[in-house]
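Enquirer: I'd like to ask some things about the structure below.
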Amino acid sequence: MKKLTSFALIAFLLFISTQALATNKVVIQVSSNDPTTQTIALNNAVNLQKAMGMDNVEIEIVAYGPGLGLLTQKSDQTKRVASLAAQDIKFSACGNTIKKVTKKTGKSPVLTEGVEIVPGGVVRIMELQQQGYAYIRP
Amino acid sequence: MKKLTSFALIAFLLFISTQALATNKVVIQVSSNDPTTQTIALNNAVNLQKAMGMDNVEIEIVAYGPGLGLLTQKSDQTKRVASLAAQDIKFSACGNTIKKVTKKTGKSPVLTEGVEIVPGGVVRIMELQQQGYAYIRP
Amino acid sequence: MKKLTSFALIAFLLFISTQALATNKVVIQVSSNDPTTQTIALNNAVNLQKAMGMDNVEIEIVAYGPGLGLLTQKSDQTKRVASLAAQDIKFSACGNTIKKVTKKTGKSPVLTEGVEIVPGGVVRIMELQQQGYAYIRP
């Protein structure tokens with residue numbers, strides 16, 4: 001009986017860890033200002049959602065350094081970013097980069113609607129990988 | 001005695017999960033049409049095989065977007081790709097990209113011998129990471 | 001009682017594996033000779049250290065292929081690399097690349113003080129990911 005209880009407990013714990021791994025989670029890094037690379041990042045997110053079903057995958061696009069521009073209203077893609085943010089793709093802008101740009105240009109970049117700020121882009125990407133997110137760098 | 005049984009079970013389960021992690025598995029992403037980047041991707045695969053021994057590492061090169069060209073017969077590297085495919089390096093071409101190219105150009109790209117098609121390159125890269133593959137993006 | 005022992009054992013094992021995952025470890029890949037990309041790699045390491053605290057994150061920058069230059073004394077950044085190496089950021093230069101460069105140019109590249117040589121850059125990056133390192137490719 002005790003063996004059974006132990007076994008059930010182990011099975012339960014394994015089940016939990018398997019679930020944690022089985023969830024589809026992807027972080028997509030945008031650290032380049034190259035328009036092609038930025039477009040591919042957005043396409044990658046859309047393809048993942050189409051393939052897995054919107055409810056079966058968590059996608060976060062983290063932009064930092066020269067990649068931050070993608071998430072500002074100055075980007076050619078601002079409408080597409082806003083639209084994707086509204087359909088469950090999370091966008092995170094690097095707080096460190098925002099501070100740097102603000103200091104350099106004298107004004108803070110205006111982010112696209114739906115974009116959130118994280119303290120540091122690289123720290124965020126590390127943390128997401130620690131939580132089991134797969135990593136894509138287009 | 002029951003404690004022993006439980007202990008043996010736990011040890012066995014830990015052993016299994018350790019084994020799963022210990023296997024050397026690497027996915028190399030090619031999403032750029034830059035010839036240098038593409039050459040480095042192939043070199044990386046060869047260096048991994050040389051260092052670990054061909055039987056001790058599973059390597060899959062996944063090409064998508066502008067990187068697809070590497071796996072077609074139009075690539076300067078088509079002979080090298082075919083040769084590497086014959087010596088246990090797996091090449092996966094993105095089905096989504098193939099569809100897009102076919103729609104745009106009116107004809108489907110001719111893949112190099114030994115290259116397989118996966119439904120989506122990014123989905124494949126995510127799945128491989130979920131299976132414990134390390135990720136390299138040259 | 002036996003159940004309790006088993007439970008304690010499982011809790012202990014889970015604790016150990018959680019600890020292993022919880023340590024902040026990041027490998028940053030430099031495989032490009034683009035000065036901006038190389039600068040971002042160094043900035044990323046500094047931002048990680050600032051955010052987590054120097055004692056709470058292990059950072060290793062692995063340079064290979066065209067990225068090797070960053071770790072040589074010919075790099076514009078050689079002073080910064082030496083200074084970061086002295087403050088607990090690990091720099092690993094790819095032995096395979098060093099051999100290739102030496103063969104091609106007739107002399108071996110002079111590495112910056114504090115830089116270590118690993119047999120293969122890509123193998124090293126794979127191994128670090130297997131050990132739970134998050135991966136960043138700027």
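Every chain in the structure tokens takes a letter, A first, then B, and so on in the order presented; its residues are numbered from 1, and the ligands are numbered from 1 following the presented order.
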Identify every residue of chain C that has at least one atom within 7 Å of any atom of chain B, counting only C-alpha atoms, and report the result as a PyMOL selection string.
Expert: chain C and resi 2+6+31+122-123+126+129-130
Enquirer: Based on DSSP run over this structure's backbone, return all residues of segment 74-133 of chain A in alpha helix (DSSP H), as a PyMOL selection string.
Expert: chain A and resi 78-86+95-105+121-130
Enquirer: Can I get the selected residues back with C-alpha atoms, as a PDB file, in the first residue's frame?
Expert:
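This is the output file out.pdb:
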```pdb
ATOM      1  CA  THR A  78       3.500  49.204 -36.256  1.00  0.00           C
ATOM      2  CA  LYS A  79      -0.011  48.257 -37.457  1.00  0.00           C
ATOM      3  CA  ARG A  80       0.926  44.615 -37.821  1.00  0.00           C
ATOM      4  CA  VAL A  81       2.541  44.577 -34.370  1.00  0.00           C
ATOM      5  CA  ALA A  82      -0.588  46.132 -32.829  1.00  0.00           C
ATOM      6  CA  SER A  83      -2.769  43.602 -34.593  1.00  0.00           C
ATOM      7  CA  LEU A  84      -0.644  40.626 -33.493  1.00  0.00           C
ATOM      8  CA  ALA A  85      -0.520  41.977 -29.922  1.00  0.00           C
ATOM      9  CA  ALA A  86      -4.325  41.925 -29.984  1.00  0.00           C
ATOM     10  CA  GLY A  95      13.646  48.902 -20.621  1.00  0.00           C
ATOM     11  CA  ASN A  96      17.442  49.307 -20.734  1.00  0.00           C
ATOM     12  CA  THR A  97      17.320  50.092 -24.444  1.00  0.00           C
ATOM     13  CA  ILE A  98      14.464  52.566 -23.942  1.00  0.00           C
ATOM     14  CA  LYS A  99      16.506  54.402 -21.295  1.00  0.00           C
ATOM     15  CA  LYS A 100      19.542  54.522 -23.589  1.00  0.00           C
ATOM     16  CA  VAL A 101      17.541  55.835 -26.559  1.00  0.00           C
ATOM     17  CA  THR A 102      15.813  58.403 -24.372  1.00  0.00           C
ATOM     18  CA  LYS A 103      19.140  59.649 -23.021  1.00  0.00           C
ATOM     19  CA  LYS A 104      20.655  59.835 -26.495  1.00  0.00           C
ATOM     20  CA  THR A 105      17.748  61.442 -28.363  1.00  0.00           C
ATOM     21  CA  GLY A 121      15.442  42.292 -22.779  1.00  0.00           C
ATOM     22  CA  VAL A 122      18.310  39.830 -22.339  1.00  0.00           C
ATOM     23  CA  VAL A 123      17.339  39.038 -18.753  1.00  0.00           C
ATOM     24  CA  ARG A 124      13.780  38.405 -19.945  1.00  0.00           C
ATOM     25  CA  ILE A 125      14.996  36.027 -22.685  1.00  0.00           C
ATOM     26  CA  MET A 126      17.116  34.142 -20.144  1.00  0.00           C
ATOM     27  CA  GLU A 127      14.209  33.851 -17.716  1.00  0.00           C
ATOM     28  CA  LEU A 128      11.823  32.591 -20.393  1.00  0.00           C
ATOM     29  CA  GLN A 129      14.306  29.888 -21.423  1.00  0.00           C
ATOM     30  CA  GLN A 130      14.610  28.887 -17.759  1.00  0.00           C
TER      31      GLN A 130
END
```
Enquirer: Find the spatial neighbours of Gly69 of chain A, counting only C-alpha atoms, within a cut-off of 12 Å - ignore same-chain residues fewer than 2 positions away - and output them as a ChimeraX atom specification.
Expert: /A:30-35,38,62-67,71-78,81,92-94,97-98,101,108-112,115
Enquirer: Please report the interatomic distance between atom CA of Gly120 of chain A and atom CA of Asp55 of chain C in Å with one decimal.
Expert: 17.9 Å
Enquirer: List every residue of segment 14-88 of chain A that DSSP, applied to the backbone of this structure, assigns to strand (DSSP E or B), and report them as a count of residues only.
Expert: 15
Enquirer: Could you jot down the atom CA of Gln131 of chain B to atom CA of Gln87 of chain A separation for me, Å, one decimal place?
Expert: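 If I compute the distance from atom CA of Gln131 of chain B to atom CA of Gln87 of chain A, I get 27.7 Å.
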Enquirer: Please compute the atom CA of Ala41 of chain A-atom CA of Ile28 of chain A distance, one decimal, in Å.
Expert: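 Distance between the two atoms: 6.7 Å.
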